[in-house]
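Q: Structure file start.csv, CSV, C-alpha atoms, is pasted below:
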chain,number,residue,atom,x,y,z
U,1,MET,CA,-2.3,-7.8,-20.8
U,2,ASN,CA,-2.8,-4.1,-20.9
U,3,SER,CA,-1.2,-1.4,-18.8
U,4,LEU,CA,-3.3,0.6,-16.3
U,5,PRO,CA,-5.0,3.9,-17.2
U,6,PRO,CA,-3.2,7.2,-16.7
U,7,VAL,CA,-2.8,8.9,-13.4
U,8,ALA,CA,-5.7,11.0,-12.2
U,9,GLY,CA,-6.2,14.3,-10.4
U,10,GLN,CA,-6.8,18.0,-10.9
U,11,PRO,CA,-4.9,20.5,-8.7
U,12,ARG,CA,-6.6,22.5,-6.0
U,13,HIS,CA,-5.0,25.7,-4.9
U,14,ASP,CA,-6.6,25.8,-1.4
U,15,THR,CA,-3.8,24.2,0.7
U,16,ASN,CA,-5.0,25.1,4.2
U,17,ALA,CA,-4.7,22.2,6.6
U,18,VAL,CA,-7.9,20.6,7.7
U,19,THR,CA,-8.8,18.4,10.6
U,20,ALA,CA,-7.6,14.8,10.1
U,21,GLU,CA,-10.3,12.5,8.9
U,22,PHE,CA,-10.7,8.8,8.1
U,23,ASP,CA,-12.2,7.2,5.0
U,24,ILE,CA,-10.6,9.7,2.7
U,25,CYS,CA,-8.1,9.9,-0.1
U,26,GLN,CA,-5.9,13.0,-0.2
U,27,PRO,CA,-4.0,13.5,-3.5
U,28,PHE,CA,-1.0,15.8,-3.7
U,29,GLN,CA,1.9,16.7,-6.0
U,30,LEU,CA,5.5,17.5,-5.2
U,31,ASP,CA,6.0,20.6,-7.3
U,32,SER,CA,9.8,20.6,-7.0
U,33,SER,CA,9.9,17.3,-9.0
U,34,SER,CA,6.3,16.8,-10.3
U,35,PHE,CA,5.9,13.5,-8.6
U,36,ARG,CA,2.3,12.6,-7.9
U,37,GLY,CA,1.1,11.1,-4.6
U,38,ARG,CA,-1.9,10.3,-2.5
U,39,LEU,CA,-2.5,9.5,1.2
U,40,ILE,CA,-5.3,7.2,2.2
U,41,ARG,CA,-6.8,6.8,5.7
U,42,LEU,CA,-9.5,4.3,6.4
U,43,GLY,CA,-11.3,3.8,9.6
U,44,PRO,CA,-15.1,3.1,10.1
U,45,ALA,CA,-15.4,2.0,6.5
U,46,LEU,CA,-12.6,-0.5,6.8
U,47,ASP,CA,-13.9,-1.8,10.2
U,48,GLU,CA,-17.4,-2.2,8.9
U,49,ILE,CA,-16.3,-4.3,5.9
U,50,ILE,CA,-14.0,-6.5,8.0
U,51,ARG,CA,-16.6,-7.2,10.7
U,52,ARG,CA,-19.3,-8.3,8.4
U,53,HIS,CA,-17.6,-11.8,8.6
U,54,ASN,CA,-16.0,-13.6,11.5
U,55,TYR,CA,-12.5,-13.7,10.0
U,56,PRO,CA,-9.6,-15.4,12.0
U,57,ASP,CA,-7.1,-13.1,13.6
U,58,GLU,CA,-4.4,-14.1,11.1
U,59,LEU,CA,-6.6,-13.3,8.0
U,60,ALA,CA,-8.3,-10.0,9.0
U,61,PRO,CA,-5.1,-7.9,8.5
U,62,LEU,CA,-4.5,-9.4,5.1
U,63,LEU,CA,-8.0,-8.5,3.9
U,64,ALA,CA,-7.7,-5.0,5.5
U,65,ASP,CA,-4.4,-4.6,3.5
U,66,THR,CA,-6.2,-5.7,0.3
U,67,ILE,CA,-8.9,-3.1,0.8
U,68,LEU,CA,-6.5,-0.4,1.8
U,69,LEU,CA,-4.2,-1.0,-1.2
U,70,ALA,CA,-7.1,-1.3,-3.6
U,71,ALA,CA,-8.2,2.2,-2.5
U,72,THR,CA,-4.7,3.5,-2.8
U,73,LEU,CA,-4.1,2.2,-6.3
U,74,ALA,CA,-7.6,3.1,-7.6
U,75,SER,CA,-7.3,6.7,-6.4
U,76,GLY,CA,-4.4,7.2,-8.8
U,77,LEU,CA,-6.3,6.2,-11.9
U,78,LYS,CA,-8.8,7.8,-14.3
U,79,TYR,CA,-11.7,5.4,-14.7
U,80,ASP,CA,-15.5,5.3,-14.6
U,81,GLY,CA,-16.4,1.9,-13.2
U,82,ILE,CA,-14.7,-0.6,-10.9
U,83,PHE,CA,-11.1,-1.2,-9.9
U,84,THR,CA,-10.4,-4.6,-8.4
U,85,LEU,CA,-7.4,-5.9,-6.5
U,86,GLN,CA,-7.4,-9.7,-6.0
U,87,THR,CA,-4.9,-12.1,-4.6
U,88,LYS,CA,-5.2,-15.8,-5.3
U,89,GLY,CA,-3.0,-18.7,-4.0
U,90,ASP,CA,-2.8,-22.3,-3.1
U,91,GLY,CA,-2.5,-21.8,0.6
U,92,PRO,CA,-5.1,-21.9,3.4
U,93,VAL,CA,-6.4,-18.5,2.1
U,94,ALA,CA,-7.8,-19.2,-1.3
U,95,TYR,CA,-8.2,-15.5,-2.2
U,96,THR,CA,-8.8,-12.0,-1.0
U,97,VAL,CA,-10.6,-9.5,-3.2
U,98,ALA,CA,-11.4,-5.8,-2.8
U,99,ASP,CA,-13.0,-3.4,-5.3
U,100,VAL,CA,-13.4,0.3,-5.5
U,101,THR,CA,-15.9,2.2,-7.6
U,102,SER,CA,-15.1,5.4,-9.3
U,103,VAL,CA,-17.4,7.2,-6.8
U,104,GLY,CA,-15.5,5.8,-3.8
U,105,ASP,CA,-17.6,2.7,-2.7
U,106,LEU,CA,-15.5,0.0,-1.1
U,107,ARG,CA,-16.1,-3.7,-0.5
U,108,GLY,CA,-13.9,-6.7,0.3
U,109,TYR,CA,-14.1,-10.4,1.0
U,110,ALA,CA,-11.7,-13.3,1.7
U,111,ARG,CA,-12.3,-17.1,1.3
U,112,PHE,CA,-10.3,-19.5,3.4
U,113,ASP,CA,-10.1,-23.1,4.5
U,114,ALA,CA,-10.5,-23.1,8.3
U,115,ASP,CA,-9.0,-26.6,8.7
U,116,ARG,CA,-5.9,-25.8,6.7
U,117,LEU,CA,-5.4,-22.5,8.5
U,118,THR,CA,-5.6,-24.3,11.9
U,119,GLU,CA,-3.1,-26.9,10.6
U,120,GLN,CA,-0.8,-24.1,9.4
U,121,ARG,CA,-1.1,-22.3,12.7
U,122,ALA,CA,0.1,-25.3,14.5
U,123,HIS,CA,3.5,-25.4,12.7
U,124,LYS,CA,6.4,-24.3,14.8
U,125,GLY,CA,7.5,-20.7,14.0
U,126,PHE,CA,4.2,-20.0,12.1
U,127,HIS,CA,4.0,-16.3,11.0
U,128,ALA,CA,1.0,-14.9,9.3
U,129,ASP,CA,2.8,-13.5,6.3
U,130,LEU,CA,1.8,-13.5,2.6
U,131,GLY,CA,3.5,-16.9,1.9
U,132,SER,CA,2.0,-18.7,4.9
U,133,LEU,CA,-1.5,-17.6,4.2
U,134,LEU,CA,-1.8,-17.5,0.4
U,135,GLY,CA,1.1,-19.8,-0.6
U,136,ALA,CA,2.1,-19.6,-4.3
U,137,GLY,CA,-0.1,-17.5,-6.5
U,138,TYR,CA,-0.6,-14.1,-8.0
U,139,VAL,CA,-2.0,-10.7,-7.5
U,140,ALA,CA,-4.2,-9.1,-10.2
U,141,PHE,CA,-5.2,-5.5,-10.8
U,142,THR,CA,-8.3,-4.9,-13.0
U,143,VAL,CA,-10.1,-1.9,-14.2
U,144,ASP,CA,-13.6,-2.6,-15.6
U,145,GLN,CA,-15.4,0.4,-17.2
U,146,GLY,CA,-18.4,-1.5,-18.6
U,147,GLU,CA,-19.4,-3.8,-21.4
U,148,HIS,CA,-18.4,-1.5,-24.3
U,149,THR,CA,-15.0,-0.3,-23.0
U,150,GLU,CA,-11.5,-1.7,-22.9
U,151,ARG,CA,-10.7,-3.8,-19.8
U,152,TYR,CA,-7.3,-3.1,-18.2
U,153,GLN,CA,-5.5,-5.8,-16.3
U,154,GLY,CA,-2.1,-6.5,-14.7
U,155,ILE,CA,-1.0,-9.7,-13.1
U,156,VAL,CA,2.1,-10.5,-11.2
U,157,GLU,CA,3.4,-13.3,-9.0
U,158,LEU,CA,2.9,-13.1,-5.3
U,159,ARG,CA,6.2,-12.1,-3.8
U,160,GLY,CA,7.4,-10.7,-0.5
U,161,ALA,CA,6.1,-10.9,3.1
U,162,THR,CA,3.3,-8.4,2.6
U,163,LEU,CA,0.8,-7.4,0.0
U,164,ALA,CA,2.5,-4.0,-0.3
U,165,ASP,CA,5.7,-6.0,-1.3
U,166,ALA,CA,3.7,-7.7,-4.0
U,167,VAL,CA,2.4,-4.4,-5.3
U,168,ARG,CA,6.0,-3.0,-5.4
U,169,HIS,CA,7.0,-6.0,-7.3
U,170,TYR,CA,4.3,-5.4,-9.8
U,171,PHE,CA,5.4,-1.8,-10.5
U,172,LYS,CA,9.0,-3.0,-10.7
U,173,GLN,CA,8.3,-5.7,-13.2
U,174,SER,CA,5.8,-3.9,-15.3
U,175,GLU,CA,6.2,-1.0,-17.7
U,176,GLN,CA,4.5,1.4,-15.3
U,177,LEU,CA,6.2,4.5,-14.0
U,178,ALA,CA,8.4,4.4,-10.9
U,179,ALA,CA,6.3,4.0,-7.7
U,180,SER,CA,6.9,3.7,-4.0
U,181,ILE,CA,4.3,2.8,-1.3
U,182,LYS,CA,4.1,2.5,2.5
U,183,SER,CA,1.0,1.0,4.2
U,184,PHE,CA,-0.1,0.0,7.6
U,185,VAL,CA,-3.2,-1.7,9.1
U,186,SER,CA,-3.9,-2.2,12.8
U,187,LYS,CA,-6.6,-2.0,15.4
U,188,ASP,CA,-6.9,1.3,17.3
U,189,ALA,CA,-7.3,1.7,21.1
U,190,ASP,CA,-11.0,0.9,20.8
U,191,GLY,CA,-10.3,-2.3,18.8
U,192,GLN,CA,-11.5,-0.8,15.5
U,193,TRP,CA,-9.7,-1.6,12.3
U,194,VAL,CA,-7.8,1.4,10.8
U,195,GLY,CA,-5.4,1.7,7.8
U,196,GLY,CA,-3.2,4.2,6.3
U,197,ALA,CA,-1.1,4.3,3.1
U,198,ILE,CA,0.9,6.8,1.1
U,199,MET,CA,2.1,6.3,-2.4
U,200,LEU,CA,4.3,8.2,-4.8
U,201,GLN,CA,4.4,7.9,-8.6
U,202,ALA,CA,6.5,9.6,-11.2
U,203,LEU,CA,4.6,11.4,-14.0
U,204,PRO,CA,5.4,11.0,-17.7
U,205,PRO,CA,7.5,13.9,-18.9
U,206,ASP,CA,4.6,15.3,-20.9
U,207,ASP,CA,2.5,15.6,-17.8
U,208,ALA,CA,5.3,16.9,-15.5
U,209,GLY,CA,4.6,20.6,-16.1
U,210,THR,CA,7.3,23.2,-15.8
U,211,PHE,CA,8.6,22.1,-12.4
U,212,ALA,CA,10.6,19.0,-13.4
U,213,ASP,CA,14.2,19.2,-14.5
U,214,HIS,CA,14.7,16.5,-17.2
U,215,GLN,CA,18.5,16.8,-17.4
U,216,PRO,CA,20.1,13.3,-17.4
U,217,GLY,CA,20.3,11.9,-13.9
U,218,VAL,CA,18.5,14.8,-12.2
U,219,ARG,CA,15.1,13.2,-12.2
U,220,GLU,CA,16.6,9.9,-10.8
U,221,GLU,CA,18.1,12.0,-7.9
U,222,ASP,CA,14.8,13.7,-7.3
U,223,TRP,CA,13.0,10.3,-7.2
U,224,HIS,CA,15.6,8.8,-4.8
U,225,ARG,CA,15.2,11.8,-2.5
U,226,ALA,CA,11.4,11.6,-2.4
U,227,ALA,CA,11.4,7.9,-2.0
U,228,VAL,CA,13.8,8.1,1.0
U,229,LEU,CA,11.5,10.7,2.6
U,230,LEU,CA,8.5,8.5,2.1
U,231,GLU,CA,10.3,5.6,3.8
U,232,THR,CA,10.5,7.7,7.0
U,233,VAL,CA,6.8,7.7,7.6
U,234,THR,CA,5.7,5.6,10.6
U,235,ALA,CA,2.6,3.6,11.3
U,236,HIS,CA,1.8,6.0,14.1
U,237,GLU,CA,1.9,9.0,11.8
U,238,LEU,CA,-0.3,7.4,9.2
U,239,LEU,CA,-2.9,6.2,11.7
U,240,ASP,CA,-2.9,9.0,14.2
U,241,PRO,CA,-6.3,10.8,14.1
U,242,ALA,CA,-4.7,13.8,15.9
U,243,LEU,CA,-2.3,14.4,13.0
U,244,SER,CA,-4.1,15.9,10.1
U,245,VAL,CA,-3.5,14.4,6.7
U,246,ASN,CA,-2.2,17.6,5.1
U,247,GLU,CA,0.0,18.2,8.1
U,248,LEU,CA,1.6,14.8,7.6
U,249,ILE,CA,2.1,15.5,3.9
U,250,TYR,CA,3.9,18.7,4.7
U,251,ARG,CA,5.9,17.1,7.5
U,252,LEU,CA,7.2,14.5,5.1
U,253,PHE,CA,7.7,16.6,2.0
U,254,HIS,CA,7.9,20.3,3.0
U,255,GLU,CA,11.2,20.8,1.1
U,256,GLU,CA,9.6,19.4,-2.1
U,257,SER,CA,6.8,22.1,-2.3
U,258,PRO,CA,3.8,19.9,-1.9
U,259,ARG,CA,0.6,20.9,-3.6
U,260,ILE,CA,-2.7,19.7,-2.2
U,261,TYR,CA,-5.4,18.4,-4.5
U,262,GLU,CA,-9.1,18.0,-3.8
U,263,ARG,CA,-9.7,15.1,-1.5
U,264,LYS,CA,-12.2,12.3,-2.0
U,265,GLU,CA,-14.4,10.5,0.4
U,266,LEU,CA,-14.5,6.7,0.7
U,267,ARG,CA,-17.3,4.6,2.1
U,268,PRO,CA,-18.4,1.0,2.4
U,269,GLY,CA,-20.7,0.2,-0.5
U,270,CYS,CA,-21.8,-3.2,-1.7
U,271,ARG,CA,-23.5,-3.5,-5.1
U,272,CYS,CA,-25.8,-6.4,-4.2
U,273,SER,CA,-29.5,-6.0,-4.3
U,274,ARG,CA,-32.7,-8.2,-4.3
U,275,GLU,CA,-33.1,-7.4,-8.0
U,276,ARG,CA,-29.6,-8.6,-8.9
U,277,VAL,CA,-30.1,-11.8,-6.9
U,278,ALA,CA,-33.4,-12.4,-8.7
U,279,GLY,CA,-31.6,-11.9,-12.0
U,280,ALA,CA,-29.1,-14.5,-11.0
U,281,LEU,CA,-31.8,-17.0,-10.0
U,282,ARG,CA,-33.4,-16.6,-13.4
U,283,SER,CA,-30.3,-18.1,-14.9
U,284,ILE,CA,-30.9,-21.3,-12.9
U,285,ASP,CA,-33.6,-23.9,-13.7
U,286,ARG,CA,-36.2,-23.5,-11.1
U,287,ALA,CA,-36.3,-27.2,-10.4
U,288,ASP,CA,-32.6,-27.0,-9.4
U,289,LEU,CA,-33.4,-24.7,-6.6
U,290,ASP,CA,-34.9,-27.5,-4.5
U,291,ASP,CA,-31.5,-28.3,-3.0
U,292,MET,CA,-31.2,-24.7,-1.8
U,293,ARG,CA,-34.5,-24.7,0.1
U,294,VAL,CA,-34.5,-24.5,3.9
U,295,ASP,CA,-38.0,-24.6,5.4
U,296,GLY,CA,-39.5,-23.8,2.0
U,297,VAL,CA,-37.3,-20.7,1.4
U,298,VAL,CA,-34.4,-20.2,-0.9
U,299,ALA,CA,-31.9,-18.0,0.9
U,300,VAL,CA,-29.1,-16.3,-1.0
U,301,SER,CA,-26.3,-14.5,0.9
U,302,CYS,CA,-23.9,-11.9,-0.6
U,303,GLU,CA,-20.3,-13.0,0.1
U,304,PHE,CA,-19.2,-9.4,0.4
U,305,CYS,CA,-21.6,-7.8,2.8
U,306,ASN,CA,-23.2,-10.9,4.2
U,307,ALA,CA,-26.8,-9.7,3.4
U,308,THR,CA,-29.3,-12.5,2.9
U,309,TYR,CA,-32.2,-12.4,0.4
U,310,ASN,CA,-35.0,-14.8,1.0
U,311,PHE,CA,-37.4,-16.1,-1.7
U,312,ASN,CA,-40.5,-18.1,-0.9
U,313,ASP,CA,-42.6,-19.8,-3.6
U,314,THR,CA,-44.7,-16.6,-4.2
U,315,ASP,CA,-41.5,-14.6,-4.7
U,316,LEU,CA,-40.1,-17.3,-7.0
U,317,ASP,CA,-43.3,-17.2,-9.1
U,318,GLU,CA,-42.6,-13.5,-9.7
U,319,VAL,CA,-38.9,-14.1,-10.4
U,320,TYR,CA,-39.7,-16.7,-13.0
U,321,ALA,CA,-42.8,-15.1,-14.5
U,322,GLY,CA,-42.4,-14.9,-18.3
U,323,PHE,CA,-39.4,-17.3,-18.3
Turn the structure described in the file into structure tokens.
A:
Amino acid sequence: MNSLPPVAGQPRHDTNAVTAEFDICQPFQLDSSSFRGRLIRLGPALDEIIRRHNYPDELAPLLADTILLAATLASGLKYDGIFTLQTKGDGPVAYTVADVTSVGDLRGYARFDADRLTEQRAHKGFHADLGSLLGAGYVAFTVDQGEHTERYQGIVELRGATLADAVRHYFKQSEQLAASIKSFVSKDADGQWVGGAIMLQALPPDDAGTFADHQPGVREEDWHRAAVLLETVTAHELLDPALSVNELIYRLFHEESPRIYERKELRPGCRCSRERVAGALRSIDRADLDDMRVDGVVAVSCEFCNATYNFNDTDLDEVYAGF
């Protein structure tokens, strides 16, 4: 198991506050201590991904959290490819998965057993926390940069009431740098899914610049102070469209001399295509497709975006031509 790649980001000197937006990542640094952070707000992108499937009320927040935290973790890494956050357990929810490309495309999906979830829901005192939905299992973090590059992966036991708790457990148990995170997902007044997260990480001493004081004990005090400030952020602040992202960063950390970095846009983006599905069909013996036919058509649906690709006999002749 390899550690994750280094923290990403290049400073931007334009620190003027801008109108709050959703579907963005806003990196920043606390110059007084050289701790690196990022603030994520998701809105239409998150809502679109969740609504592509008819998820039960108990499951939708967990998937929303998976997508939000995937975006939060990915935004702090240098990579050219795909970052994936996956939970897997033995509960009524088999798994949730979300991935983020290095250009900011998001997608997510959850698989669950409806009958088991109904049975679980009937238990007295049922609460839709991590343990009730996923049971015992793990959370995995993976960075895939292509066939000829090293694959980074981290795995940790599912622990805590929320997925953010499990992420904190990962950083605590691994050899990664100190990290602190707060995240919230909810529906807004219009019933649309929104999410917000803010994360702080300590930089290695070599990357800390001239701002950090490395005398024994001082950096620990700096970290404790910054983490306490982070804990004061509320769901309303993180999700309020009337509060600009940069204003919130300054409100929380104005005494720490926050430096704003160039922000990044995030968007829903599935990588499925008719060509990819055709390639997958070629790996199956054509005779074995008979069981998949409905009214003479082989229909293949993407589990992420729910798009369906139909192939009739003429289409299949083209798919299998030369094979």
Q: What separation in Å, quoted to one decimal, exists between atom CA of U:Gly104 and atom CA of U:Asp23?
A: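 Separation between atom CA of U:Gly104 and atom CA of U:Asp23: 9.5 Å.
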Q: Please measure the separation of atom CA of U:Val167 and atom CA of U:Leu230, giving the value in Å to one decimal.
A: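 The value is 16.1 Å.
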Q: Tell me which of U:Glu48, U:Glu303, U:Ala227, U:Tyr320 sits closest to U:Asp285, counting all atoms listed in the file.
A: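 Using all atoms listed in the file, U:Asp285 sits closest to U:Tyr320.
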Q: Measuring atom to atom with all atoms listed in the file, identify which of U:Val100, U:Leu239, U:Ile155, U:Ala178 is nearest to U:Leu77.
A: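 Comparing U:Val100, U:Leu239, U:Ile155, U:Ala178 against U:Leu77, the winner is U:Val100.
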Q: In Å, rounded to a single decimal, give me how far atom CA of U:Val93 is from atom CA of U:Thr308.
A: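 Atom CA of U:Thr308 sits 23.7 Å away from atom CA of U:Val93.
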